[in-house]
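Peer 1: The structure's right below; bear with me while I get my questions together.
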Amino acid sequence: MDIALQVQNVNVTSLKEAPIHVSSKIQPHGILLVLQEPELKILQISNNTLNVFGISPENILQKKLEDLVDPFQIERITSGLAEENLDFINPTKIWIRKKGDEYTVFDAVFHRNTEGFLILELEPAISQENIPFLSFYHLAKASINQLEATKNLREFGQIIVQEVRKVTGFDRVMLYKFDDDGHGSVIAEEKIENLESYLGLHFPESDIPKPARKLFISNSIRLIPDANYQPIEIFPVNNPLTERPVDLTKSSLRSAASCHTEYLHNMGVGASLTISLIKDQKLWGLIACHHQTPKYVSYELRKACEFLGRLIFSEISAREETEDSDYRMNLTYIQSLLIEYMSQEDNFIDGLVKNQPNLLDLTSAKGAAVCFGGNYTLIGETPKEEDLIYLVEWLKNHVENEVFYTDSLPSIYPDAVNFKNVASGLLAIPISQRNYVLWFRPEVIQTVNWGGDPNRAFEVSQAHGNLRLCPRKSFELWKETVRLTSLPWKYVEIKAALELRKGIVNIVLRQADELAQLAQDLERSNAELKKFAYVASHDLQEPLNQVANYVQLLEMRYEAELDEDAKEFINYAVEGVSLMQTLIDDVLAYSKVDSQAIAFQVTEVDTALERALSNLRNRVSETGTIITHDPLPTVMADSTQLMQLFLNLIGNAIKFRSEEPPQIHIGAERLEDEWLFSVRDNGIGIDPRFSDRIFIIFQRLHTRDEYPGTGMGLAICKKIVECHRGRIWVESQLGQGATFYFTIPAGGRERERRNGRNTQNHLFN
């Protein structure tokens with residue numbers, strides 16, 4: 001296959017994340033043994049024992065460690081291995097018996113790998129003398145004294161690199177700090193004069209990929225004394241018990257990946273020493289020491305450098321935590337105030353935005369939005385509400401965690417380019433599946449100095465038929481202008497947002513419980529009222545009927561003896577009874593609206609309208625009313641209630657007519673997720689001051705002598721519409737007719753309109 005085609009098809013991630021901890025090779029400056037406990041049987045050994053011990057590896061395999069060391073040492077080693085923590089035995093001096101009676105002294109380190117094997121690493125002891133404790137103590141004390149006079153991270157870092165270079169004598173010592181995205185930068189450097197400076201330069205994530213970073217956490221100090229070394233094979237290559245190469249995660253002697261040694265060659269590095277700086281169980285950074293020529297560093301000196309680096313780094317961590325603590329305490333105070341504000345407001349959102357401090361102060365954001373129940377409350381500089389609707393929809397489909405944050409929203413949500421000036425950075429917490437609190441930060445254009453082009457951080461090449469990664473050859477300054485990026489969100493800000501989320505959820509749940517209890521009380525009260533209305537209606541009907549019957553019987557039997565006043569009084573009584581019966585019927589109809597709205601069905605609106613007009617046919621004919629309507633849709637509704645709604649609205653339009661014959665038009669317009677209906681007439685109109693009052697039960701604007709009725713019709717209309725999750729209102733002026741509007745959620749399939757695309761049909765003329 002053509003190499004270019006292979007490179008196109010290769011999974012680069014798989015090459016970058018190759019399992020480099022599993023190896024069959026080590027560096028040549030030491031010897032590695034794989035032991036089986038408890039006998040300490042030698043299962044594997046590096047293939048360089050002949051040069052060091054004068055014994056071939058074949059003659060060592062399957063023997064026990066006691067065959068190489070004297071019994072006194074074995075007893076001490078066995079005792080140390082019995083401890084759960086091998087730090088009690090590491091490091092130790094071991095005298096290995098060479099061929100004959102001659103011994104060689106080694107620095108020995110034991111560790112157990114994930115497979116349960118004991119790994120022993122031996123490095124020839126250059127000197128049997130340890131670093132004097134007092135000398136090291138004074139060195140550490142001097143460093144700490146310098147730290148007390150410093151104020152910022154850069155000065156702290158400079159002390160680290162100065163002291164480590166003073167102890168080791170490397171040509172260059174750098175303090176390298178990782179960013180959240182895996183990239184890193186050199187924040188402190190001490191070097192010889194003729195070397196090019198890397199201070200302030202950024203290096204791409206691929207320079208130290210994920211597998212390498214994991215190894216730096218497991219093995220905090222790593223020496224490559226000669227970058228041009230020839231690796232030594234482990235014999236046999238595969239462990240005889242597992243039949244695969246051994247796991248050397250914690251090994252100091254493990255051979256470096258070929259890509260890394262090539263990387264060192266391209267940088268002109270002949271030897272390297274790397275010390276891991278770990279904070280909160282994460283790799284914070286590295287102390288990277290480079291030398292132009294091979295350079296061996298004794299085990300004692302390495303451990304001294306590691307201790308010194310950690311000692312000074314602990315001061316850095318403490319200083320960072322102190323700064324974070326002050327900021328965190330301030331955010332905690334703001335958070336407690338916001339929760340107090342929310343608990344005091346009927347609407348918790350008011351507590352987040354109406355006071356000082358407010359939602360913006362919790363994360364040092366420039367804008368914020370609370371998206372709750374389909375409404376958007378904005379504060380500060382934010383995207384438009386229309387943009388937020390789509391952004392929240394994207395969050396619902398792509399975010400599952402309790403918090404989401406990014407300092408480059410346009411890179412993962414392309415539409416954010418349109419509002420980058422206010423929201424290149426986003427911090428979001430979900431209150432529920434469709435409700436969010438959002439914070440925004442604007443774009444901050446930055447210039448980043450890279451050590452080489454990050455877009456060409458590596459190449460894929462072919463060697464002996466296999467594809468492999470090759471590092472770049474140039475580390476010259478490469479400037480990049482970074483756009484569509486905001487200032488990053490700090491950990492304490494993210495944590496504060498999460499804590500606020502808990503407070504909001506608790507308040508929302510409490511309010512939901514209160515509403516649920518209120519709804520339960522209202523439901524019970526409504527049930528009692530309905531029962532009362534039903535019983536009262538039926539119980540009142542019988543005595544009313546008796547009154548009407550006996551009054552009419554009285555009139556018939558004594559008609560000849562009654563004068564005109566008596567007859568008039570009897571008529572008043574009969575009319576009163578009739579009105580009372582009408583009121584009872586209306587109250588009964590009003591109380592039944594809820595119970596009839598339990599299950600909606602697909603309803604053709606024009607069918608409901610035709611039923612209403614059929615009941616009004618006589619009144620329409622007597623008054624010469626003209627009724628027209630737009631093409632009407634299909635909705636999810638109760639057909640009887642919809643008919644009652646049109647019956648009341650059209651009946652009112654006929655009742656409250658002007659001197660001209662009534663003209664009534666029923667309109668229908670599709671909105672986003674609902675239908676807007678209108679009933680427009682040319683009647684006497686309504687004073688706008690009473691546009692809300694007319695929907696209240698038993699409310700009338702005219703006397704019964706002017707216009708008969710109970711004042712229940714529009715109240716029933718309002719209740720019907722609200723049971724359909726809609727709204728109803730009126731727009732009118734006295735003498736100019738009235739238009740009643742109501743909405744019903746869209747549902748069902750609209751059927752073909754009669755008469756093609758006609759805008760209106762004439763029902764009566």
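Here's how to read the names in the structure tokens: chain A, B, ... by the order shown, residue numbers from 1 in each chain, ligand numbers from 1 in the order shown.
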Which neighbours of Met636 (chain A) fall inside 9 Å, counting only C-alpha atoms, when residues of the same chain fewer than 4 positions from it are skipped, and could you give them as an NGL selection string?
Peer 2: :A and (600-604 or 724 or 744-748)
Peer 1: Once you have the residues from the selection above, write them out as a compact mmCIF listing (two decimals), in the first residue's frame, restricted to all heavy atoms.
Peer 2:
```
# COMPACT_ATOMS: atom_id res chain seq x y z
N PHE A 600 -58.57 14.81 25.82
CA PHE A 600 -58.85 15.50 24.57
C PHE A 600 -58.69 14.54 23.40
O PHE A 600 -57.90 13.58 23.47
CB PHE A 600 -57.92 16.70 24.39
CG PHE A 600 -58.09 17.75 25.46
CD1 PHE A 600 -57.00 18.44 25.94
CD2 PHE A 600 -59.35 18.02 25.98
CE1 PHE A 600 -57.15 19.40 26.94
CE2 PHE A 600 -59.51 18.98 26.97
CZ PHE A 600 -58.41 19.67 27.44
N GLN A 601 -59.41 14.82 22.33
CA GLN A 601 -59.34 14.01 21.12
C GLN A 601 -59.10 14.92 19.92
O GLN A 601 -59.26 16.13 19.99
CB GLN A 601 -60.63 13.22 20.93
CG GLN A 601 -60.92 12.22 22.04
CD GLN A 601 -62.23 11.50 21.83
OE1 GLN A 601 -63.08 11.97 21.07
NE2 GLN A 601 -62.40 10.36 22.50
N VAL A 602 -58.68 14.31 18.82
CA VAL A 602 -58.51 15.07 17.58
C VAL A 602 -59.88 15.63 17.18
O VAL A 602 -60.84 14.88 16.98
CB VAL A 602 -57.94 14.18 16.46
CG1 VAL A 602 -57.86 14.97 15.17
CG2 VAL A 602 -56.57 13.66 16.87
N THR A 603 -59.96 16.94 17.10
CA THR A 603 -61.24 17.61 16.87
C THR A 603 -61.14 18.56 15.69
O THR A 603 -60.22 19.39 15.63
CB THR A 603 -61.67 18.40 18.13
OG1 THR A 603 -61.79 17.50 19.22
CG2 THR A 603 -62.99 19.11 17.90
N GLU A 604 -62.08 18.45 14.76
CA GLU A 604 -62.15 19.39 13.63
C GLU A 604 -62.90 20.63 14.11
O GLU A 604 -64.07 20.55 14.49
CB GLU A 604 -62.84 18.75 12.44
CG GLU A 604 -62.05 17.56 11.89
CD GLU A 604 -62.78 16.89 10.74
OE1 GLU A 604 -63.95 17.25 10.50
OE2 GLU A 604 -62.18 16.01 10.10
N HIS A 724 -57.85 23.86 28.30
CA HIS A 724 -57.14 23.42 27.08
C HIS A 724 -55.73 24.00 27.01
O HIS A 724 -55.10 23.98 25.94
CB HIS A 724 -57.93 23.86 25.83
CG HIS A 724 -59.14 23.02 25.56
ND1 HIS A 724 -60.30 23.13 26.30
CD2 HIS A 724 -59.38 22.04 24.63
CE1 HIS A 724 -61.19 22.27 25.85
NE2 HIS A 724 -60.66 21.60 24.84
N ILE A 744 -55.28 27.68 21.44
CA ILE A 744 -55.35 26.25 21.76
C ILE A 744 -54.09 25.60 21.21
O ILE A 744 -53.73 25.85 20.05
CB ILE A 744 -56.61 25.60 21.16
CG1 ILE A 744 -57.85 26.11 21.88
CG2 ILE A 744 -56.54 24.07 21.27
CD1 ILE A 744 -59.14 25.53 21.37
N PRO A 745 -53.37 24.79 22.01
CA PRO A 745 -52.16 24.14 21.49
C PRO A 745 -52.43 23.35 20.23
O PRO A 745 -53.49 22.73 20.08
CB PRO A 745 -51.75 23.21 22.65
CG PRO A 745 -52.31 23.86 23.86
CD PRO A 745 -53.61 24.48 23.43
N ALA A 746 -51.47 23.40 19.29
CA ALA A 746 -51.62 22.70 18.03
C ALA A 746 -51.60 21.20 18.27
O ALA A 746 -50.90 20.69 19.13
CB ALA A 746 -50.50 23.09 17.07
N GLY A 747 -52.35 20.46 17.49
CA GLY A 747 -52.37 19.00 17.61
C GLY A 747 -53.20 18.41 16.51
O GLY A 747 -54.07 19.06 15.92
N GLY A 748 -52.89 17.16 16.22
CA GLY A 748 -53.66 16.50 15.17
C GLY A 748 -53.22 16.92 13.80
O GLY A 748 -52.34 17.75 13.61
```
Peer 1: Mind the document's chain letters and residue numbers, and return as a PyMOL selection string the residues of region 303-488 of chain A that DSSP labels helix (DSSP H, G or I).
Peer 2: chain A and resi 303-344+348-353+359-362+385-398+409-412+414-423+454-456
Peer 1: Could you pull out the strand (DSSP E) residues of region 174-410 of chain A, going by DSSP on the backbone, and write them as a PyMOL selection string?
Peer 2: chain A and resi 174-178+184-191+202-203+221-224+232-235+246-247+271-279+282-291+367-372+375-380+404-406
Peer 1: If I take CA of Asn194 (chain A) and CA of Leu273 (chain A), how far is one from the other in Å, to one decimal?
Peer 2: 20.2 Å
Peer 1: Got a sec: who's within 10 Å of region 278-287 of chain A, counting only C-alpha atoms, leaving out chain neighbours fewer than 2 positions off, as a VMD selection string?
Peer 2: chain A and resid 157 160 to 161 164 173 to 180 184 to 186 188 to 189 213 to 214 216 to 217 220 to 221 273 to 276 289 305 to 306 309 to 310 313 to 314 317
Peer 1: Next, the residues of the selection above should be written as a CSV table (one decimal), in the first residue's frame with C-alpha atoms.
Peer 2:
```csv
chain,number,residue,atom,x,y,z
A,157,GLY,CA,9.6,28.3,39.6
A,160,ILE,CA,13.2,25.4,41.7
A,161,VAL,CA,15.2,25.4,38.4
A,164,VAL,CA,18.1,21.8,40.8
A,173,VAL,CA,16.6,22.9,33.8
A,174,MET,CA,13.0,23.9,33.0
A,175,LEU,CA,9.8,24.0,35.0
A,176,TYR,CA,7.0,22.8,32.7
A,177,LYS,CA,3.4,23.3,33.6
A,178,PHE,CA,0.5,21.5,32.0
A,179,ASP,CA,-2.7,23.2,30.8
A,180,ASP,CA,-6.2,21.7,31.1
A,184,GLY,CA,2.1,22.8,28.4
A,185,SER,CA,4.4,25.7,28.7
A,186,VAL,CA,7.8,26.5,30.2
A,188,ALA,CA,10.8,28.9,34.5
A,189,GLU,CA,14.2,28.1,33.0
A,213,ARG,CA,1.8,11.5,31.5
A,214,LYS,CA,0.3,8.4,33.2
A,216,PHE,CA,5.1,10.2,35.1
A,217,ILE,CA,2.4,9.9,37.8
A,220,SER,CA,8.0,10.3,39.6
A,221,ILE,CA,11.6,10.4,38.6
A,273,LEU,CA,16.3,13.8,34.0
A,274,THR,CA,12.6,14.4,34.6
A,275,ILE,CA,10.9,14.9,38.0
A,276,SER,CA,7.1,14.7,38.3
A,289,CYS,CA,16.7,18.6,33.1
A,305,CYS,CA,16.6,16.5,43.5
A,306,GLU,CA,13.1,14.9,43.7
A,309,GLY,CA,11.6,19.7,43.9
A,310,ARG,CA,8.7,18.4,45.9
A,313,PHE,CA,6.6,22.6,44.9
A,314,SER,CA,4.7,22.1,48.1
A,317,SER,CA,0.9,24.5,46.0
```
